[in-house]
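Reading through the structure tokens given below for one structure.
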Amino acid sequence: GREDAEDRRCRCRKSAQCGRFSTRARNWAAWPLAEADRRAQRLDTEIGTLRKLLAPAAGDRWPAVLEAVSVAKGYEIALGAALGDDLDASTEATAPAHWDDTGEGQDDAALPAGAEPLLTHVKAPAALRRRLAQIGVVTRDQGDALRGALKQGQILVSQAGDLWRWDGFTSAADAPSPAARRLSEKNRLADLEREAKAAREAAEAARRSLEAESAAARQAAQAESAAIEAAKQARRG
């Protein structure tokens, strides 16, 4: 009687202590999952907002070629400066203003030595490739030095947006064009989508880890209860 009562009291105290410890342990183990979920949700929200900003206008019959263009980071301003409003034209032949594919331009003049074709940093429809191959990326000092070597139709542009055209037209870098800002936003969206994918994978890994730890804790509790019961039966026997 007295030993059984004392045994029950000890088990109750131990159970309460284990319960408090288990709750703290579960809360601590759940923190990485909660943090990963919050990060994934923040990124998904930002992605949704940016996608709305980049969505083509409703009812637009002829999507701008800009929607099919992607450019390496750091070259958005250069592309925007070089092509400007031409990026608003479509590749649809029925559009009032459009780009036609005129081939690779094998007979086109080479860019001046030291100028890097902008085409190497841009993915675009075939109709733009010939134009992009005739746009050279240079530094500001190179542009001033090489402008006299430009052939008809060629352009030099800096990553900051300075522009030198074959016919003598020159434009110093100014604020980024709307096309450049849109290209930057597209690059930002791609970055966010990669980050969100990694965040979702991290959240799933944290979820699996928490489930495994919870299962292990349940098994340990069951084993402890079984051991206590076995000890009790042994004392009675």
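We name chains A, B, ... following the order of the structure tokens; residues begin at 1 in each chain, and ligands are numbered from 1 as shown.
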Range 71-80 of chain A: which residues within 8 Å, counting only C-alpha atoms, same-chain residues fewer than 3 positions away excluded, as a PDB file with N, CA, C and O atoms, in the first residue's frame?
```pdb
ATOM      1  N   LEU A  83      18.455  49.163 -77.509  1.00  0.00           N
ATOM      2  CA  LEU A  83      17.248  48.868 -78.285  1.00  0.00           C
ATOM      3  C   LEU A  83      16.057  49.741 -77.912  1.00  0.00           C
ATOM      4  O   LEU A  83      15.181  49.985 -78.741  1.00  0.00           O
ATOM      5  N   GLY A  84      16.002  50.195 -76.671  1.00  0.00           N
ATOM      6  CA  GLY A  84      14.940  51.113 -76.272  1.00  0.00           C
ATOM      7  C   GLY A  84      13.543  50.652 -76.639  1.00  0.00           C
ATOM      8  O   GLY A  84      13.155  49.510 -76.382  1.00  0.00           O
ATOM      9  N   LEU A 118      26.855  42.107 -77.741  1.00  0.00           N
ATOM     10  CA  LEU A 118      25.832  42.013 -76.694  1.00  0.00           C
ATOM     11  C   LEU A 118      25.080  40.696 -76.800  1.00  0.00           C
ATOM     12  O   LEU A 118      24.550  40.192 -75.804  1.00  0.00           O
ATOM     13  N   HIS A 121      25.375  37.887 -74.257  1.00  0.00           N
ATOM     14  CA  HIS A 121      24.792  38.025 -72.924  1.00  0.00           C
ATOM     15  C   HIS A 121      23.262  38.032 -72.948  1.00  0.00           C
ATOM     16  O   HIS A 121      22.630  38.279 -71.923  1.00  0.00           O
ATOM     17  N   VAL A 122      22.683  37.781 -74.124  1.00  0.00           N
ATOM     18  CA  VAL A 122      21.235  37.893 -74.270  1.00  0.00           C
ATOM     19  C   VAL A 122      20.668  36.633 -74.922  1.00  0.00           C
ATOM     20  O   VAL A 122      21.242  36.114 -75.889  1.00  0.00           O
ATOM     21  N   LYS A 123      19.550  36.161 -74.404  1.00  0.00           N
ATOM     22  CA  LYS A 123      18.767  35.110 -75.051  1.00  0.00           C
ATOM     23  C   LYS A 123      17.520  35.774 -75.619  1.00  0.00           C
ATOM     24  O   LYS A 123      16.752  36.389 -74.867  1.00  0.00           O
ATOM     25  N   VAL A 137      29.560  45.737 -76.592  1.00  0.00           N
ATOM     26  CA  VAL A 137      29.646  46.206 -75.206  1.00  0.00           C
ATOM     27  C   VAL A 137      31.084  46.643 -74.936  1.00  0.00           C
ATOM     28  O   VAL A 137      32.034  45.879 -75.174  1.00  0.00           O
ATOM     29  N   VAL A 157      27.805  50.248 -76.708  1.00  0.00           N
ATOM     30  CA  VAL A 157      27.069  50.611 -75.503  1.00  0.00           C
ATOM     31  C   VAL A 157      27.850  50.138 -74.287  1.00  0.00           C
ATOM     32  O   VAL A 157      28.518  49.102 -74.331  1.00  0.00           O
ATOM     33  N   SER A 158      27.805  50.927 -73.236  1.00  0.00           N
ATOM     34  CA  SER A 158      28.450  50.515 -71.985  1.00  0.00           C
ATOM     35  C   SER A 158      27.409  49.881 -71.070  1.00  0.00           C
ATOM     36  O   SER A 158      26.204  50.045 -71.264  1.00  0.00           O
ATOM     37  N   GLN A 159      27.885  49.169 -70.060  1.00  0.00           N
ATOM     38  CA  GLN A 159      26.945  48.553 -69.115  1.00  0.00           C
ATOM     39  C   GLN A 159      26.188  49.608 -68.316  1.00  0.00           C
ATOM     40  O   GLN A 159      25.118  49.324 -67.776  1.00  0.00           O
ATOM     41  N   ALA A 160      26.733  50.812 -68.244  1.00  0.00           N
ATOM     42  CA  ALA A 160      26.051  51.900 -67.539  1.00  0.00           C
ATOM     43  C   ALA A 160      24.985  52.563 -68.399  1.00  0.00           C
ATOM     44  O   ALA A 160      24.152  53.316 -67.891  1.00  0.00           O
ATOM     45  N   GLY A 161      25.030  52.295 -69.732  1.00  0.00           N
ATOM     46  CA  GLY A 161      24.020  52.867 -70.611  1.00  0.00           C
ATOM     47  C   GLY A 161      24.517  53.936 -71.568  1.00  0.00           C
ATOM     48  O   GLY A 161      23.725  54.517 -72.311  1.00  0.00           O
ATOM     49  N   ASP A 162      25.822  54.211 -71.593  1.00  0.00           N
ATOM     50  CA  ASP A 162      26.368  55.134 -72.600  1.00  0.00           C
ATOM     51  C   ASP A 162      26.225  54.492 -73.976  1.00  0.00           C
ATOM     52  O   ASP A 162      26.363  53.270 -74.119  1.00  0.00           O
ATOM     53  N   PRO A 176      17.946  54.437 -66.000  1.00  0.00           N
ATOM     54  CA  PRO A 176      17.591  53.227 -66.751  1.00  0.00           C
ATOM     55  C   PRO A 176      16.256  53.404 -67.471  1.00  0.00           C
ATOM     56  O   PRO A 176      15.330  54.004 -66.951  1.00  0.00           O
ATOM     57  N   SER A 177      16.178  52.873 -68.672  1.00  0.00           N
ATOM     58  CA  SER A 177      14.948  52.949 -69.449  1.00  0.00           C
ATOM     59  C   SER A 177      13.895  52.014 -68.856  1.00  0.00           C
ATOM     60  O   SER A 177      14.220  51.098 -68.090  1.00  0.00           O
ATOM     61  N   PRO A 178      12.615  52.214 -69.196  1.00  0.00           N
ATOM     62  CA  PRO A 178      11.581  51.280 -68.736  1.00  0.00           C
ATOM     63  C   PRO A 178      11.894  49.837 -69.121  1.00  0.00           C
ATOM     64  O   PRO A 178      11.645  48.911 -68.348  1.00  0.00           O
ATOM     65  N   ALA A 179      12.471  49.659 -70.323  1.00  0.00           N
ATOM     66  CA  ALA A 179      12.825  48.299 -70.748  1.00  0.00           C
ATOM     67  C   ALA A 179      13.901  47.715 -69.849  1.00  0.00           C
ATOM     68  O   ALA A 179      13.832  46.540 -69.453  1.00  0.00           O
ATOM     69  N   ALA A 180      14.895  48.532 -69.482  1.00  0.00           N
ATOM     70  CA  ALA A 180      15.962  48.048 -68.601  1.00  0.00           C
ATOM     71  C   ALA A 180      15.412  47.675 -67.232  1.00  0.00           C
ATOM     72  O   ALA A 180      15.803  46.661 -66.646  1.00  0.00           O
ATOM     73  N   ARG A 181      14.501  48.500 -66.713  1.00  0.00           N
ATOM     74  CA  ARG A 181      13.909  48.186 -65.404  1.00  0.00           C
ATOM     75  C   ARG A 181      13.107  46.895 -65.474  1.00  0.00           C
ATOM     76  O   ARG A 181      13.142  46.073 -64.546  1.00  0.00           O
ATOM     77  N   LEU A 183      13.595  44.377 -67.540  1.00  0.00           N
ATOM     78  CA  LEU A 183      14.550  43.269 -67.642  1.00  0.00           C
ATOM     79  C   LEU A 183      15.155  42.950 -66.279  1.00  0.00           C
ATOM     80  O   LEU A 183      15.361  41.778 -65.937  1.00  0.00           O
ATOM     81  N   SER A 184      15.453  43.978 -65.494  1.00  0.00           N
ATOM     82  CA  SER A 184      15.984  43.756 -64.137  1.00  0.00           C
ATOM     83  C   SER A 184      14.958  43.046 -63.268  1.00  0.00           C
ATOM     84  O   SER A 184      15.305  42.160 -62.473  1.00  0.00           O
ATOM     85  N   ASN A 187      14.891  39.410 -64.101  1.00  0.00           N
ATOM     86  CA  ASN A 187      16.015  38.708 -63.478  1.00  0.00           C
ATOM     87  C   ASN A 187      15.775  38.514 -61.985  1.00  0.00           C
ATOM     88  O   ASN A 187      16.105  37.464 -61.416  1.00  0.00           O
TER      89      ASN A 187
END
```
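Backbone DSSP assigns alpha helix (DSSP H) in range 84-159 of chain A to Ala126, Ala127, Leu128, Arg129, Arg130, Arg131, Leu132, Ala133, Arg140, Asp141, Gln142, Gly143, Asp144, Ala145 and Leu146 of chain A.
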Worksheet item: From the list A:Gly168, A:Ala127, A:Glu204, A:Trp62, which residue is nearest Thr94 in chain A when using only C-alpha atoms?
Response: A:Trp62
Worksheet item: Of the residues A:Arg182, A:Arg236, A:Arg39, A:Arg61, which is the one nearest to Leu87 in chain A, using only C-alpha atoms?
Response: A:Arg182
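Coordinates place CA of Arg147 in chain A at a distance of 6.3 Å from CA of Trp164 in chain A.
Of the listed residues (A:Leu189, A:Ala97, A:Ala36, A:Ala109), A:Ala36 comes nearest to Ala206 in chain A; the distances count only C-alpha atoms.
Around Arg129 in chain A, within 9 Å and counting only C-alpha atoms, the residues found are Asp101, Gly103, Glu104, Leu119, Val122, Lys123, Ala124, Pro125, Ala133 and Gln134 of chain A, once anything fewer than 4 positions away on its own chain is removed.
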Using C-alpha atoms, can you export the residues from the last selection as a PDB file, in the first residue's frame?
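The result, stored in result23.pdb:
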```
ATOM      1  CA  ASP A 101      13.959  37.223 -89.024  1.00  0.00           C
ATOM      2  CA  GLY A 103      18.978  35.551 -91.016  1.00  0.00           C
ATOM      3  CA  GLU A 104      22.330  35.538 -89.292  1.00  0.00           C
ATOM      4  CA  LEU A 119      24.376  38.854 -78.224  1.00  0.00           C
ATOM      5  CA  VAL A 122      21.235  37.893 -74.270  1.00  0.00           C
ATOM      6  CA  LYS A 123      18.767  35.110 -75.051  1.00  0.00           C
ATOM      7  CA  ALA A 124      16.259  36.374 -77.579  1.00  0.00           C
ATOM      8  CA  PRO A 125      14.114  35.283 -80.526  1.00  0.00           C
ATOM      9  CA  ALA A 133      25.336  40.824 -82.984  1.00  0.00           C
ATOM     10  CA  GLN A 134      25.931  44.387 -84.258  1.00  0.00           C
TER      11      GLN A 134
END
```
Discussion item. Please determine, counting only C-alpha atoms, which residue among A:Ser70, A:Thr120, A:Gly148, A:Asp44 has the shortest atom-to-atom distance to Glu185 in chain A.
Written reply: A:Ser70
Worksheet item: Which neighbours of Ile155 in chain A fall inside 10 Å, counting only C-alpha atoms, when residues of the same chain fewer than 2 positions from it are skipped, and could you give them as a ChimeraX atom specification?
Response: /A:82-83,111,115,117,131-137,143,147,150-153,157,163-170
Write to file, as a compact mmCIF listing (two decimals), in the first residue's frame, the residues of the selection just made, with N, CA, C and O atoms.
```
# COMPACT_ATOMS: atom_id res chain seq x y z
N ALA A 82 20.46 50.25 -75.84
CA ALA A 82 20.73 49.95 -77.24
C ALA A 82 19.46 49.78 -78.07
O ALA A 82 19.39 50.23 -79.22
N LEU A 83 18.45 49.16 -77.51
CA LEU A 83 17.25 48.87 -78.29
C LEU A 83 16.06 49.74 -77.91
O LEU A 83 15.18 49.99 -78.74
N LEU A 111 32.36 43.74 -85.52
CA LEU A 111 32.49 44.85 -84.58
C LEU A 111 33.97 45.22 -84.42
O LEU A 111 34.85 44.39 -84.64
N ALA A 115 35.38 45.21 -78.76
CA ALA A 115 33.95 45.29 -78.45
C ALA A 115 33.37 43.89 -78.38
O ALA A 115 33.57 43.08 -79.29
N PRO A 117 30.21 41.39 -78.47
CA PRO A 117 28.82 41.40 -78.94
C PRO A 117 27.84 41.24 -77.78
O PRO A 117 27.99 40.35 -76.94
N ARG A 131 20.54 41.92 -85.02
CA ARG A 131 20.70 43.25 -84.42
C ARG A 131 21.62 43.19 -83.21
O ARG A 131 22.52 44.03 -83.05
N LEU A 132 21.42 42.22 -82.36
CA LEU A 132 22.24 42.09 -81.15
C LEU A 132 23.71 41.83 -81.49
O LEU A 132 24.60 42.25 -80.75
N ALA A 133 23.96 41.12 -82.59
CA ALA A 133 25.34 40.82 -82.98
C ALA A 133 26.08 42.08 -83.45
O ALA A 133 27.31 42.11 -83.48
N GLN A 134 25.33 43.14 -83.79
CA GLN A 134 25.93 44.39 -84.26
C GLN A 134 26.00 45.45 -83.16
O GLN A 134 26.27 46.61 -83.43
N ILE A 135 25.73 45.04 -81.94
CA ILE A 135 25.85 45.93 -80.78
C ILE A 135 27.03 45.45 -79.93
O ILE A 135 27.05 44.30 -79.48
N GLY A 136 28.00 46.30 -79.74
CA GLY A 136 29.18 45.93 -78.97
C GLY A 136 29.18 46.54 -77.58
O GLY A 136 28.82 47.70 -77.40
N VAL A 137 29.56 45.74 -76.59
CA VAL A 137 29.65 46.21 -75.21
C VAL A 137 31.08 46.64 -74.94
O VAL A 137 32.03 45.88 -75.17
N GLY A 143 34.50 53.22 -75.72
CA GLY A 143 33.51 53.75 -76.63
C GLY A 143 33.99 55.00 -77.34
O GLY A 143 33.82 55.15 -78.56
N ARG A 147 34.54 54.56 -81.48
CA ARG A 147 33.37 55.02 -82.23
C ARG A 147 33.69 55.28 -83.70
O ARG A 147 32.84 55.05 -84.57
N LEU A 150 33.25 52.21 -86.18
CA LEU A 150 31.96 51.57 -86.37
C LEU A 150 31.56 51.57 -87.84
O LEU A 150 31.74 52.56 -88.56
N LYS A 151 30.97 50.46 -88.29
CA LYS A 151 30.43 50.35 -89.63
C LYS A 151 28.93 50.66 -89.59
O LYS A 151 28.33 50.73 -88.52
N GLN A 152 28.37 50.83 -90.76
CA GLN A 152 26.96 51.19 -90.85
C GLN A 152 26.08 50.20 -90.08
O GLN A 152 26.18 49.00 -90.25
N GLY A 153 25.21 50.77 -89.24
CA GLY A 153 24.27 49.96 -88.48
C GLY A 153 24.78 49.50 -87.13
O GLY A 153 24.02 48.94 -86.33
N VAL A 157 27.81 50.25 -76.71
CA VAL A 157 27.07 50.61 -75.50
C VAL A 157 27.85 50.14 -74.29
O VAL A 157 28.52 49.10 -74.33
N LEU A 163 25.99 55.32 -74.99
CA LEU A 163 25.74 54.76 -76.32
C LEU A 163 26.47 55.58 -77.39
O LEU A 163 26.48 56.82 -77.35
N TRP A 164 27.07 54.88 -78.35
CA TRP A 164 27.74 55.48 -79.50
C TRP A 164 27.20 54.79 -80.75
O TRP A 164 27.29 53.56 -80.87
N ARG A 165 26.68 55.55 -81.69
CA ARG A 165 26.09 54.96 -82.89
C ARG A 165 26.98 55.26 -84.10
O ARG A 165 27.69 56.27 -84.14
N TRP A 166 26.90 54.40 -85.09
CA TRP A 166 27.76 54.50 -86.27
C TRP A 166 27.63 55.83 -87.00
O TRP A 166 28.59 56.32 -87.60
N ASP A 167 26.44 56.49 -86.91
CA ASP A 167 26.22 57.72 -87.65
C ASP A 167 26.60 58.96 -86.85
O ASP A 167 26.32 60.09 -87.27
N GLY A 168 27.22 58.76 -85.69
CA GLY A 168 27.69 59.89 -84.90
C GLY A 168 26.83 60.22 -83.70
O GLY A 168 27.24 61.01 -82.83
N PHE A 169 25.63 59.66 -83.63
CA PHE A 169 24.77 59.93 -82.48
C PHE A 169 25.41 59.35 -81.23
O PHE A 169 25.87 58.20 -81.20
N THR A 170 25.43 60.16 -80.17
CA THR A 170 26.03 59.76 -78.90
C THR A 170 25.09 60.12 -77.76
O THR A 170 24.48 61.19 -77.77
```
Worksheet entry | Filtered DSSP result for range 19-195 of chain A, state strand (DSSP E or B), as a list in words | Ser70, Val71, Ser90, His98, Glu116, Pro117, Val122, Lys123, Ile135, Gly136, Val137, Ile155, Leu156, Val157, Leu163, Trp164, Arg165, Thr170 and Ser171 of chain A
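With distances restricted to only C-alpha atoms, A:Ala198 is the closest residue to Leu43 in chain A from A:Val65, A:Ala223, A:Ile228, A:Ala198.
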